[in-house]
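Student: PDB, N, CA and C atoms, saved as query.pdb, coming up:
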ATOM      1  N   MET A   1       0.847  -1.185   0.000
ATOM      2  CA  MET A   1       0.000   0.000   0.000
ATOM      3  C   MET A   1       0.891   1.247   0.000
ATOM      4  N   ASP A   2       0.598   2.160  -0.892
ATOM      5  CA  ASP A   2       1.358   3.405  -0.961
ATOM      6  C   ASP A   2       0.923   4.356   0.135
ATOM      7  N   LYS A   3       1.898   5.058   0.684
ATOM      8  CA  LYS A   3       1.590   6.103   1.662
ATOM      9  C   LYS A   3       1.401   7.395   0.881
ATOM     10  N   TRP A   4       0.399   8.146   1.227
ATOM     11  CA  TRP A   4       0.118   9.427   0.596
ATOM     12  C   TRP A   4       0.427  10.538   1.567
ATOM     13  N   VAL A   5       0.898  11.663   1.048
ATOM     14  CA  VAL A   5       1.196  12.811   1.898
ATOM     15  C   VAL A   5       0.519  14.063   1.368
ATOM     16  N   LEU A   6       0.158  14.909   2.297
ATOM     17  CA  LEU A   6      -0.273  16.266   2.015
ATOM     18  C   LEU A   6       0.952  17.114   2.277
ATOM     19  N   TYR A   7       1.333  17.958   1.333
ATOM     20  CA  TYR A   7       2.532  18.779   1.521
ATOM     21  C   TYR A   7       2.222  20.238   1.230
ATOM     22  N   MET A   8       2.962  21.099   1.893
ATOM     23  CA  MET A   8       2.859  22.532   1.686
ATOM     24  C   MET A   8       4.239  23.056   1.308
ATOM     25  N   VAL A   9       4.294  23.816   0.239
ATOM     26  CA  VAL A   9       5.550  24.444  -0.160
ATOM     27  C   VAL A   9       5.346  25.949  -0.231
ATOM     28  N   GLN A  10       6.424  26.658   0.036
ATOM     29  CA  GLN A  10       6.406  28.111  -0.130
ATOM     30  C   GLN A  10       7.095  28.400  -1.451
ATOM     31  N   CYS A  11       6.409  29.144  -2.300
ATOM     32  CA  CYS A  11       6.944  29.485  -3.614
ATOM     33  C   CYS A  11       7.857  30.713  -3.515
ATOM     34  N   ALA A  12       8.591  30.967  -4.576
ATOM     35  CA  ALA A  12       9.523  32.090  -4.597
ATOM     36  C   ALA A  12       8.817  33.429  -4.382
ATOM     37  N   ASP A  13       7.537  33.518  -4.771
ATOM     38  CA  ASP A  13       6.790  34.765  -4.573
ATOM     39  C   ASP A  13       6.141  34.827  -3.190
ATOM     40  N   ASN A  14       6.517  33.880  -2.311
ATOM     41  CA  ASN A  14       6.046  33.813  -0.927
ATOM     42  C   ASN A  14       4.640  33.240  -0.788
ATOM     43  N   SER A  15       4.042  32.790  -1.879
ATOM     44  CA  SER A  15       2.724  32.165  -1.791
ATOM     45  C   SER A  15       2.884  30.718  -1.327
ATOM     46  N   ILE A  16       1.792  30.133  -0.888
ATOM     47  CA  ILE A  16       1.787  28.761  -0.397
ATOM     48  C   ILE A  16       1.035  27.883  -1.399
ATOM     49  N   TYR A  17       1.651  26.768  -1.785
ATOM     50  CA  TYR A  17       0.995  25.784  -2.641
ATOM     51  C   TYR A  17       0.842  24.502  -1.836
ATOM     52  N   THR A  18      -0.311  23.880  -1.958
ATOM     53  CA  THR A  18      -0.601  22.644  -1.254
ATOM     54  C   THR A  18      -0.964  21.569  -2.254
ATOM     55  N   GLY A  19      -0.423  20.370  -2.054
ATOM     56  CA  GLY A  19      -0.751  19.264  -2.938
ATOM     57  C   GLY A  19      -0.644  17.938  -2.207
ATOM     58  N   ILE A  20      -0.995  16.871  -2.925
ATOM     59  CA  ILE A  20      -0.841  15.530  -2.381
ATOM     60  C   ILE A  20      -0.021  14.705  -3.366
ATOM     61  N   THR A  21       0.657  13.705  -2.844
ATOM     62  CA  THR A  21       1.458  12.826  -3.686
ATOM     63  C   THR A  21       1.786  11.551  -2.927
ATOM     64  N   ASN A  22       2.206  10.544  -3.676
ATOM     65  CA  ASN A  22       2.719   9.332  -3.040
ATOM     66  C   ASN A  22       4.222   9.195  -3.299
ATOM     67  N   ASN A  23       4.823  10.251  -3.880
ATOM     68  CA  ASN A  23       6.270  10.293  -4.102
ATOM     69  C   ASN A  23       6.722  11.749  -3.934
ATOM     70  N   LEU A  24       6.948  12.142  -2.703
ATOM     71  CA  LEU A  24       7.234  13.541  -2.380
ATOM     72  C   LEU A  24       8.493  14.059  -3.065
ATOM     73  N   GLN A  25       9.566  13.289  -3.015
ATOM     74  CA  GLN A  25      10.825  13.757  -3.608
ATOM     75  C   GLN A  25      10.669  14.048  -5.100
ATOM     76  N   ALA A  26      10.030  13.138  -5.823
ATOM     77  CA  ALA A  26       9.821  13.338  -7.260
ATOM     78  C   ALA A  26       8.932  14.543  -7.523
ATOM     79  N   ARG A  27       7.937  14.728  -6.684
ATOM     80  CA  ARG A  27       7.018  15.855  -6.863
ATOM     81  C   ARG A  27       7.719  17.189  -6.634
ATOM     82  N   LEU A  28       8.548  17.269  -5.606
ATOM     83  CA  LEU A  28       9.303  18.506  -5.349
ATOM     84  C   LEU A  28      10.270  18.797  -6.491
ATOM     85  N   GLU A  29      10.932  17.761  -6.984
ATOM     86  CA  GLU A  29      11.843  17.944  -8.118
ATOM     87  C   GLU A  29      11.080  18.441  -9.344
ATOM     88  N   ALA A  30       9.891  17.899  -9.570
ATOM     89  CA  ALA A  30       9.080  18.337 -10.702
ATOM     90  C   ALA A  30       8.680  19.807 -10.548
ATOM     91  N   HIS A  31       8.243  20.204  -9.349
ATOM     92  CA  HIS A  31       7.885  21.607  -9.118
ATOM     93  C   HIS A  31       9.070  22.510  -9.429
ATOM     94  N   ASN A  32      10.237  22.166  -8.912
ATOM     95  CA  ASN A  32      11.407  23.026  -9.089
ATOM     96  C   ASN A  32      11.973  22.996 -10.498
ATOM     97  N   ALA A  33      11.602  21.999 -11.278
ATOM     98  CA  ALA A  33      12.018  21.930 -12.688
ATOM     99  C   ALA A  33      11.005  22.633 -13.591
ATOM    100  N   GLY A  34       9.952  23.190 -12.989
ATOM    101  CA  GLY A  34       8.927  23.864 -13.777
ATOM    102  C   GLY A  34       7.961  22.899 -14.437
ATOM    103  N   LYS A  35       7.975  21.645 -14.016
ATOM    104  CA  LYS A  35       7.114  20.634 -14.609
ATOM    105  C   LYS A  35       6.057  20.126 -13.632
ATOM    106  N   GLY A  36       5.940  20.767 -12.511
ATOM    107  CA  GLY A  36       4.941  20.368 -11.521
ATOM    108  C   GLY A  36       3.607  20.988 -11.856
ATOM    109  N   ALA A  37       2.918  21.463 -10.886
ATOM    110  CA  ALA A  37       1.613  22.088 -11.076
ATOM    111  C   ALA A  37       1.743  23.397 -11.864
ATOM    112  N   LYS A  38       0.704  23.719 -12.588
ATOM    113  CA  LYS A  38       0.683  24.969 -13.348
ATOM    114  C   LYS A  38       0.946  26.166 -12.425
ATOM    115  N   TYR A  39       0.394  26.126 -11.216
ATOM    116  CA  TYR A  39       0.551  27.227 -10.272
ATOM    117  C   TYR A  39       2.010  27.491  -9.929
ATOM    118  N   THR A  40       2.793  26.441  -9.729
ATOM    119  CA  THR A  40       4.180  26.621  -9.290
ATOM    120  C   THR A  40       5.147  26.872 -10.442
ATOM    121  N   LYS A  41       4.706  26.665 -11.662
ATOM    122  CA  LYS A  41       5.590  26.751 -12.826
ATOM    123  C   LYS A  41       6.412  28.042 -12.872
ATOM    124  N   GLY A  42       5.808  29.177 -12.641
ATOM    125  CA  GLY A  42       6.514  30.446 -12.684
ATOM    126  C   GLY A  42       6.914  30.964 -11.317
ATOM    127  N   ARG A  43       6.836  30.108 -10.314
ATOM    128  CA  ARG A  43       7.083  30.547  -8.936
ATOM    129  C   ARG A  43       8.190  29.730  -8.265
ATOM    130  N   THR A  44       9.113  29.233  -9.042
ATOM    131  CA  THR A  44      10.204  28.424  -8.486
ATOM    132  C   THR A  44      11.322  29.331  -7.996
ATOM    133  N   PRO A  45      12.128  28.865  -7.070
ATOM    134  CA  PRO A  45      12.080  27.537  -6.467
ATOM    135  C   PRO A  45      11.019  27.472  -5.372
ATOM    136  N   VAL A  46      10.575  26.250  -5.107
ATOM    137  CA  VAL A  46       9.651  26.028  -3.995
ATOM    138  C   VAL A  46      10.422  25.379  -2.859
ATOM    139  N   VAL A  47      10.006  25.682  -1.629
ATOM    140  CA  VAL A  47      10.664  25.154  -0.428
ATOM    141  C   VAL A  47       9.617  24.421   0.400
ATOM    142  N   LEU A  48       9.907  23.185   0.738
ATOM    143  CA  LEU A  48       8.987  22.382   1.539
ATOM    144  C   LEU A  48       8.849  22.988   2.931
ATOM    145  N   LYS A  49       7.603  23.165   3.382
ATOM    146  CA  LYS A  49       7.339  23.754   4.690
ATOM    147  C   LYS A  49       6.675  22.787   5.661
ATOM    148  N   ALA A  50       5.853  21.857   5.158
ATOM    149  CA  ALA A  50       5.166  20.910   6.042
ATOM    150  C   ALA A  50       4.732  19.688   5.249
ATOM    151  N   VAL A  51       4.695  18.538   5.938
ATOM    152  CA  VAL A  51       4.270  17.271   5.338
ATOM    153  C   VAL A  51       3.457  16.499   6.358
ATOM    154  N   PHE A  52       2.334  15.948   5.920
ATOM    155  CA  PHE A  52       1.486  15.125   6.769
ATOM    156  C   PHE A  52       1.178  13.833   6.035
ATOM    157  N   GLU A  53       1.337  12.710   6.706
ATOM    158  CA  GLU A  53       1.125  11.392   6.093
ATOM    159  C   GLU A  53      -0.309  10.917   6.279
ATOM    160  N   TYR A  54      -0.813  10.219   5.258
ATOM    161  CA  TYR A  54      -2.147   9.632   5.282
ATOM    162  C   TYR A  54      -2.074   8.208   4.746
ATOM    163  N   THR A  55      -3.050   7.411   5.135
ATOM    164  CA  THR A  55      -3.029   5.999   4.746
ATOM    165  C   THR A  55      -3.451   5.773   3.305
ATOM    166  N   ASP A  56      -4.234   6.702   2.747
ATOM    167  CA  ASP A  56      -4.663   6.521   1.358
ATOM    168  C   ASP A  56      -4.917   7.872   0.693
ATOM    169  N   ARG A  57      -5.126   7.808  -0.613
ATOM    170  CA  ARG A  57      -5.314   9.023  -1.397
ATOM    171  C   ARG A  57      -6.573   9.787  -0.967
ATOM    172  N   SER A  58      -7.625   9.063  -0.654
ATOM    173  CA  SER A  58      -8.879   9.699  -0.265
ATOM    174  C   SER A  58      -8.701  10.585   0.968
ATOM    175  N   GLU A  59      -8.037  10.074   1.980
ATOM    176  CA  GLU A  59      -7.814  10.853   3.201
ATOM    177  C   GLU A  59      -6.932  12.066   2.926
ATOM    178  N   ALA A  60      -5.906  11.886   2.110
ATOM    179  CA  ALA A  60      -5.018  13.002   1.762
ATOM    180  C   ALA A  60      -5.786  14.072   0.987
ATOM    181  N   SER A  61      -6.654  13.651   0.084
ATOM    182  CA  SER A  61      -7.458  14.598  -0.703
ATOM    183  C   SER A  61      -8.402  15.396   0.182
ATOM    184  N   LYS A  62      -9.015  14.744   1.153
ATOM    185  CA  LYS A  62      -9.918  15.433   2.081
ATOM    186  C   LYS A  62      -9.152  16.476   2.894
ATOM    187  N   ALA A  63      -7.963  16.120   3.345
ATOM    188  CA  ALA A  63      -7.141  17.058   4.118
ATOM    189  C   ALA A  63      -6.709  18.234   3.244
ATOM    190  N   GLU A  64      -6.344  17.952   1.997
ATOM    191  CA  GLU A  64      -5.948  19.022   1.068
ATOM    192  C   GLU A  64      -7.108  19.991   0.851
ATOM    193  N   TYR A  65      -8.280  19.475   0.629
ATOM    194  CA  TYR A  65      -9.462  20.310   0.408
ATOM    195  C   TYR A  65      -9.708  21.228   1.616
ATOM    196  N   ALA A  66      -9.630  20.655   2.805
ATOM    197  CA  ALA A  66      -9.840  21.436   4.026
ATOM    198  C   ALA A  66      -8.779  22.518   4.175
ATOM    199  N   PHE A  67      -7.521  22.186   3.893
ATOM    200  CA  PHE A  67      -6.443  23.160   4.033
ATOM    201  C   PHE A  67      -6.598  24.302   3.033
ATOM    202  N   LYS A  68      -6.979  23.975   1.811
ATOM    203  CA  LYS A  68      -7.093  25.007   0.774
ATOM    204  C   LYS A  68      -8.219  25.998   1.062
ATOM    205  N   LYS A  69      -9.156  25.650   1.917
ATOM    206  CA  LYS A  69     -10.238  26.569   2.277
ATOM    207  C   LYS A  69      -9.798  27.584   3.329
ATOM    208  N   LYS A  70      -8.651  27.379   3.947
ATOM    209  CA  LYS A  70      -8.168  28.279   4.993
ATOM    210  C   LYS A  70      -7.642  29.586   4.379
ATOM    211  N   SER A  71      -7.666  30.638   5.172
ATOM    212  CA  SER A  71      -7.095  31.918   4.739
ATOM    213  C   SER A  71      -5.566  31.807   4.750
ATOM    214  N   ARG A  72      -4.904  32.732   4.104
ATOM    215  CA  ARG A  72      -3.435  32.721   4.101
ATOM    216  C   ARG A  72      -2.896  32.780   5.532
ATOM    217  N   GLN A  73      -3.497  33.629   6.347
ATOM    218  CA  GLN A  73      -3.048  33.765   7.737
ATOM    219  C   GLN A  73      -3.191  32.430   8.477
ATOM    220  N   GLU A  74      -4.302  31.737   8.277
ATOM    221  CA  GLU A  74      -4.499  30.430   8.913
ATOM    222  C   GLU A  74      -3.480  29.411   8.406
ATOM    223  N   LYS A  75      -3.202  29.449   7.105
ATOM    224  CA  LYS A  75      -2.216  28.524   6.527
ATOM    225  C   LYS A  75      -0.839  28.766   7.124
ATOM    226  N   MET A  76      -0.447  30.022   7.241
ATOM    227  CA  MET A  76       0.871  30.347   7.787
ATOM    228  C   MET A  76       0.966  29.935   9.255
ATOM    229  N   ARG A  77      -0.088  30.124  10.006
ATOM    230  CA  ARG A  77      -0.112  29.713  11.408
ATOM    231  C   ARG A  77      -0.020  28.188  11.513
ATOM    232  N   PHE A  78      -0.731  27.486  10.651
ATOM    233  CA  PHE A  78      -0.717  26.025  10.612
ATOM    234  C   PHE A  78       0.702  25.516  10.331
ATOM    235  N   ILE A  79       1.375  26.128   9.363
ATOM    236  CA  ILE A  79       2.748  25.739   9.010
ATOM    237  C   ILE A  79       3.697  26.048  10.164
ATOM    238  N   ALA A  80       3.526  27.210  10.787
ATOM    239  CA  ALA A  80       4.383  27.572  11.926
ATOM    240  C   ALA A  80       4.194  26.592  13.071
ATOM    241  N   ASP A  81       2.964  26.194  13.338
ATOM    242  CA  ASP A  81       2.693  25.223  14.392
ATOM    243  C   ASP A  81       3.328  23.887  14.057
ATOM    244  N   PHE A  82       3.257  23.487  12.797
ATOM    245  CA  PHE A  82       3.870  22.237  12.365
ATOM    246  C   PHE A  82       5.376  22.282  12.587
ATOM    247  N   ARG A  83       5.987  23.373  12.167
ATOM    248  CA  ARG A  83       7.441  23.490  12.270
ATOM    249  C   ARG A  83       7.888  23.545  13.729
ATOM    250  N   SER A  84       7.125  24.219  14.582
ATOM    251  CA  SER A  84       7.532  24.283  15.993
ATOM    252  C   SER A  84       7.335  22.928  16.681
ATOM    253  N   SER A  85       6.335  22.148  16.254
ATOM    254  CA  SER A  85       6.133  20.829  16.853
ATOM    255  C   SER A  85       7.253  19.875  16.453
ATOM    256  N   LYS A  86       7.855  20.073  15.285
ATOM    257  CA  LYS A  86       8.952  19.242  14.821
ATOM    258  C   LYS A  86      10.254  19.598  15.530
ATOM    259  N   ALA A  87      10.324  20.802  16.094
ATOM    260  CA  ALA A  87      11.540  21.253  16.760
ATOM    261  C   ALA A  87      11.668  20.698  18.175
ATOM    262  N   LEU A  88      10.576  20.156  18.699
ATOM    263  CA  LEU A  88      10.596  19.651  20.080
ATOM    264  C   LEU A  88      11.396  18.402  20.244
TER
END
Would you mind writing the file's structure down as structure tokens?
Tutor:
Amino acid sequence: MDKWVLYMVQCADNSIYTGITNNLQARLEAHNAGKGAKYTKGRTPVVLKAVFEYTDRSEASKAEYAFKKKSRQEKMRFIADFRSSKAL
């Protein structure tokens, strides 16, 4: 069974892009090569800010949908909380 992740990257223009994948390294390389999502194509390089694991694509998609409905301020707070929890 493939593990799916929800990931957040910060683009060169300081915007946040959120996506899901079952191969994070390949997806980040694609974004930075300009071959990832249309949104990130002109906003490289992207920097990984947060990653959350899910058991299947459906759960990852639901989490992505919920995250994308948040305001920018909520997204930034969510990422900051994630990063501070990883520092413990």
Student: Nearest to A:Trp4 among A:Ile16, A:Ala26, A:Ala60, A:Val46, with distances taken over all atoms listed in the file: which residue is it?
Tutor: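 Result for the nearest residue to A:Trp4: A:Ala60.
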Student: Selection in question (the file shown): the PyMOL selection byres ((chain A and resi 10-12) around 8). Which residues does it include, as number ranges by chain?
Tutor: A: 7-9, 13-18, 40, 42-50
Student: Which parts of chain A does DSSP call helix (DSSP H, G or I) when run on the backbone here, written out as a VMD selection string?
Tutor: chain A and resid 24 to 32 57 to 68 72 to 86
Student: Give the strand (DSSP E) residues of chain A, as DSSP finds them on the backbone, and put them as a ChimeraX atom specification.
Tutor: /A:4-10,16-21,47-54
Student: For the atom pair atom CA of A:Ala80 and atom CA of A:Phe52, what is the interatomic distance in Å to one decimal place?
Tutor: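 Separating atom CA of A:Ala80 from atom CA of A:Phe52 is a distance of 13.8 Å.
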Student: Around all of stretch 13-30 of chain A's listed atoms, make the axis-aligned box with 8 Å on each side and tell me centre and edge lengths in Å to one decimal, as lines of an AutoDock Vina configuration file.
Tutor:
center_x = 5.4
center_y = 22.0
center_z = -5.5
size_x = 28.8
size_y = 41.6
size_z = 26.3
Student: Which residue, A:Asn32, A:Thr21, A:Ser85, A:Ser71, has the smallest gap to A:Glu53 when you use only C-alpha atoms?
Tutor: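 Counting only C-alpha atoms, the residue closest to A:Glu53 is A:Thr21.
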Student: In Å, how far is it from atom C of A:Lys3 to atom CA of A:Asn22?
Tutor: 4.6 Å
Student: Just how far from atom CA of A:Tyr65 is atom CA of A:Asp2, in Å to one decimal?
Tutor: 20.1 Å
Student: Determine the nearest neighbour of A:Phe82 from the options A:Val5, A:Val51, A:Arg27, A:Ile20, counting only N, CA and C atoms.
Tutor: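 Of A:Val5, A:Val51, A:Arg27, A:Ile20, the one nearest A:Phe82, counting only N, CA and C atoms, is A:Val51.
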Student: Of the candidates A:Leu6, A:Met76, A:Tyr39, A:Gln25, which shows the shortest atom-to-atom distance to A:Ala63, using all atoms listed in the file?
Tutor: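 Ranked by minimum distance to A:Ala63, first place goes to A:Leu6.
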Student: Dump N, CA and C atoms of stretch 18-58 of chain A from the given block, as an mmCIF file, in the first residue's frame.
Tutor:
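Done, and the output landed in result_30.cif:
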data_model
loop_
_atom_site.group_PDB
_atom_site.id
_atom_site.type_symbol
_atom_site.label_atom_id
_atom_site.label_comp_id
_atom_site.auth_asym_id
_atom_site.auth_seq_id
_atom_site.Cartn_x
_atom_site.Cartn_y
_atom_site.Cartn_z
ATOM 1 N N THR A 18 -0.311 23.880 -1.958
ATOM 2 C CA THR A 18 -0.601 22.644 -1.254
ATOM 3 C C THR A 18 -0.964 21.569 -2.254
ATOM 4 N N GLY A 19 -0.423 20.370 -2.054
ATOM 5 C CA GLY A 19 -0.751 19.264 -2.938
ATOM 6 C C GLY A 19 -0.644 17.938 -2.207
ATOM 7 N N ILE A 20 -0.995 16.871 -2.925
ATOM 8 C CA ILE A 20 -0.841 15.530 -2.381
ATOM 9 C C ILE A 20 -0.021 14.705 -3.366
ATOM 10 N N THR A 21 0.657 13.705 -2.844
ATOM 11 C CA THR A 21 1.458 12.826 -3.686
ATOM 12 C C THR A 21 1.786 11.551 -2.927
ATOM 13 N N ASN A 22 2.206 10.544 -3.676
ATOM 14 C CA ASN A 22 2.719 9.332 -3.040
ATOM 15 C C ASN A 22 4.222 9.195 -3.299
ATOM 16 N N ASN A 23 4.823 10.251 -3.880
ATOM 17 C CA ASN A 23 6.270 10.293 -4.102
ATOM 18 C C ASN A 23 6.722 11.749 -3.934
ATOM 19 N N LEU A 24 6.948 12.142 -2.703
ATOM 20 C CA LEU A 24 7.234 13.541 -2.380
ATOM 21 C C LEU A 24 8.493 14.059 -3.065
ATOM 22 N N GLN A 25 9.566 13.289 -3.015
ATOM 23 C CA GLN A 25 10.825 13.757 -3.608
ATOM 24 C C GLN A 25 10.669 14.048 -5.100
ATOM 25 N N ALA A 26 10.030 13.138 -5.823
ATOM 26 C CA ALA A 26 9.821 13.338 -7.260
ATOM 27 C C ALA A 26 8.932 14.543 -7.523
ATOM 28 N N ARG A 27 7.937 14.728 -6.684
ATOM 29 C CA ARG A 27 7.018 15.855 -6.863
ATOM 30 C C ARG A 27 7.719 17.189 -6.634
ATOM 31 N N LEU A 28 8.548 17.269 -5.606
ATOM 32 C CA LEU A 28 9.303 18.506 -5.349
ATOM 33 C C LEU A 28 10.270 18.797 -6.491
ATOM 34 N N GLU A 29 10.932 17.761 -6.984
ATOM 35 C CA GLU A 29 11.843 17.944 -8.118
ATOM 36 C C GLU A 29 11.080 18.441 -9.344
ATOM 37 N N ALA A 30 9.891 17.899 -9.570
ATOM 38 C CA ALA A 30 9.080 18.337 -10.702
ATOM 39 C C ALA A 30 8.680 19.807 -10.548
ATOM 40 N N HIS A 31 8.243 20.204 -9.349
ATOM 41 C CA HIS A 31 7.885 21.607 -9.118
ATOM 42 C C HIS A 31 9.070 22.510 -9.429
ATOM 43 N N ASN A 32 10.237 22.166 -8.912
ATOM 44 C CA ASN A 32 11.407 23.026 -9.089
ATOM 45 C C ASN A 32 11.973 22.996 -10.498
ATOM 46 N N ALA A 33 11.602 21.999 -11.278
ATOM 47 C CA ALA A 33 12.018 21.930 -12.688
ATOM 48 C C ALA A 33 11.005 22.633 -13.591
ATOM 49 N N GLY A 34 9.952 23.190 -12.989
ATOM 50 C CA GLY A 34 8.927 23.864 -13.777
ATOM 51 C C GLY A 34 7.961 22.899 -14.437
ATOM 52 N N LYS A 35 7.975 21.645 -14.016
ATOM 53 C CA LYS A 35 7.114 20.634 -14.609
ATOM 54 C C LYS A 35 6.057 20.126 -13.632
ATOM 55 N N GLY A 36 5.940 20.767 -12.511
ATOM 56 C CA GLY A 36 4.941 20.368 -11.521
ATOM 57 C C GLY A 36 3.607 20.988 -11.856
ATOM 58 N N ALA A 37 2.918 21.463 -10.886
ATOM 59 C CA ALA A 37 1.613 22.088 -11.076
ATOM 60 C C ALA A 37 1.743 23.397 -11.864
ATOM 61 N N LYS A 38 0.704 23.719 -12.588
ATOM 62 C CA LYS A 38 0.683 24.969 -13.348
ATOM 63 C C LYS A 38 0.946 26.166 -12.425
ATOM 64 N N TYR A 39 0.394 26.126 -11.216
ATOM 65 C CA TYR A 39 0.551 27.227 -10.272
ATOM 66 C C TYR A 39 2.010 27.491 -9.929
ATOM 67 N N THR A 40 2.793 26.441 -9.729
ATOM 68 C CA THR A 40 4.180 26.621 -9.290
ATOM 69 C C THR A 40 5.147 26.872 -10.442
ATOM 70 N N LYS A 41 4.706 26.665 -11.662
ATOM 71 C CA LYS A 41 5.590 26.751 -12.826
ATOM 72 C C LYS A 41 6.412 28.042 -12.872
ATOM 73 N N GLY A 42 5.808 29.177 -12.641
ATOM 74 C CA GLY A 42 6.514 30.446 -12.684
ATOM 75 C C GLY A 42 6.914 30.964 -11.317
ATOM 76 N N ARG A 43 6.836 30.108 -10.314
ATOM 77 C CA ARG A 43 7.083 30.547 -8.936
ATOM 78 C C ARG A 43 8.190 29.730 -8.265
ATOM 79 N N THR A 44 9.113 29.233 -9.042
ATOM 80 C CA THR A 44 10.204 28.424 -8.486
ATOM 81 C C THR A 44 11.322 29.331 -7.996
ATOM 82 N N PRO A 45 12.128 28.865 -7.070
ATOM 83 C CA PRO A 45 12.080 27.537 -6.467
ATOM 84 C C PRO A 45 11.019 27.472 -5.372
ATOM 85 N N VAL A 46 10.575 26.250 -5.107
ATOM 86 C CA VAL A 46 9.651 26.028 -3.995
ATOM 87 C C VAL A 46 10.422 25.379 -2.859
ATOM 88 N N VAL A 47 10.006 25.682 -1.629
ATOM 89 C CA VAL A 47 10.664 25.154 -0.428
ATOM 90 C C VAL A 47 9.617 24.421 0.400
ATOM 91 N N LEU A 48 9.907 23.185 0.738
ATOM 92 C CA LEU A 48 8.987 22.382 1.539
ATOM 93 C C LEU A 48 8.849 22.988 2.931
ATOM 94 N N LYS A 49 7.603 23.165 3.382
ATOM 95 C CA LYS A 49 7.339 23.754 4.690
ATOM 96 C C LYS A 49 6.675 22.787 5.661
ATOM 97 N N ALA A 50 5.853 21.857 5.158
ATOM 98 C CA ALA A 50 5.166 20.910 6.042
ATOM 99 C C ALA A 50 4.732 19.688 5.249
ATOM 100 N N VAL A 51 4.695 18.538 5.938
ATOM 101 C CA VAL A 51 4.270 17.271 5.338
ATOM 102 C C VAL A 51 3.457 16.499 6.358
ATOM 103 N N PHE A 52 2.334 15.948 5.920
ATOM 104 C CA PHE A 52 1.486 15.125 6.769
ATOM 105 C C PHE A 52 1.178 13.833 6.035
ATOM 106 N N GLU A 53 1.337 12.710 6.706
ATOM 107 C CA GLU A 53 1.125 11.392 6.093
ATOM 108 C C GLU A 53 -0.309 10.917 6.279
ATOM 109 N N TYR A 54 -0.813 10.219 5.258
ATOM 110 C CA TYR A 54 -2.147 9.632 5.282
ATOM 111 C C TYR A 54 -2.074 8.208 4.746
ATOM 112 N N THR A 55 -3.050 7.411 5.135
ATOM 113 C CA THR A 55 -3.029 5.999 4.746
ATOM 114 C C THR A 55 -3.451 5.773 3.305
ATOM 115 N N ASP A 56 -4.234 6.702 2.747
ATOM 116 C CA ASP A 56 -4.663 6.521 1.358
ATOM 117 C C ASP A 56 -4.917 7.872 0.693
ATOM 118 N N ARG A 57 -5.126 7.808 -0.613
ATOM 119 C CA ARG A 57 -5.314 9.023 -1.397
ATOM 120 C C ARG A 57 -6.573 9.787 -0.967
ATOM 121 N N SER A 58 -7.625 9.063 -0.654
ATOM 122 C CA SER A 58 -8.879 9.699 -0.265
ATOM 123 C C SER A 58 -8.701 10.585 0.968
#
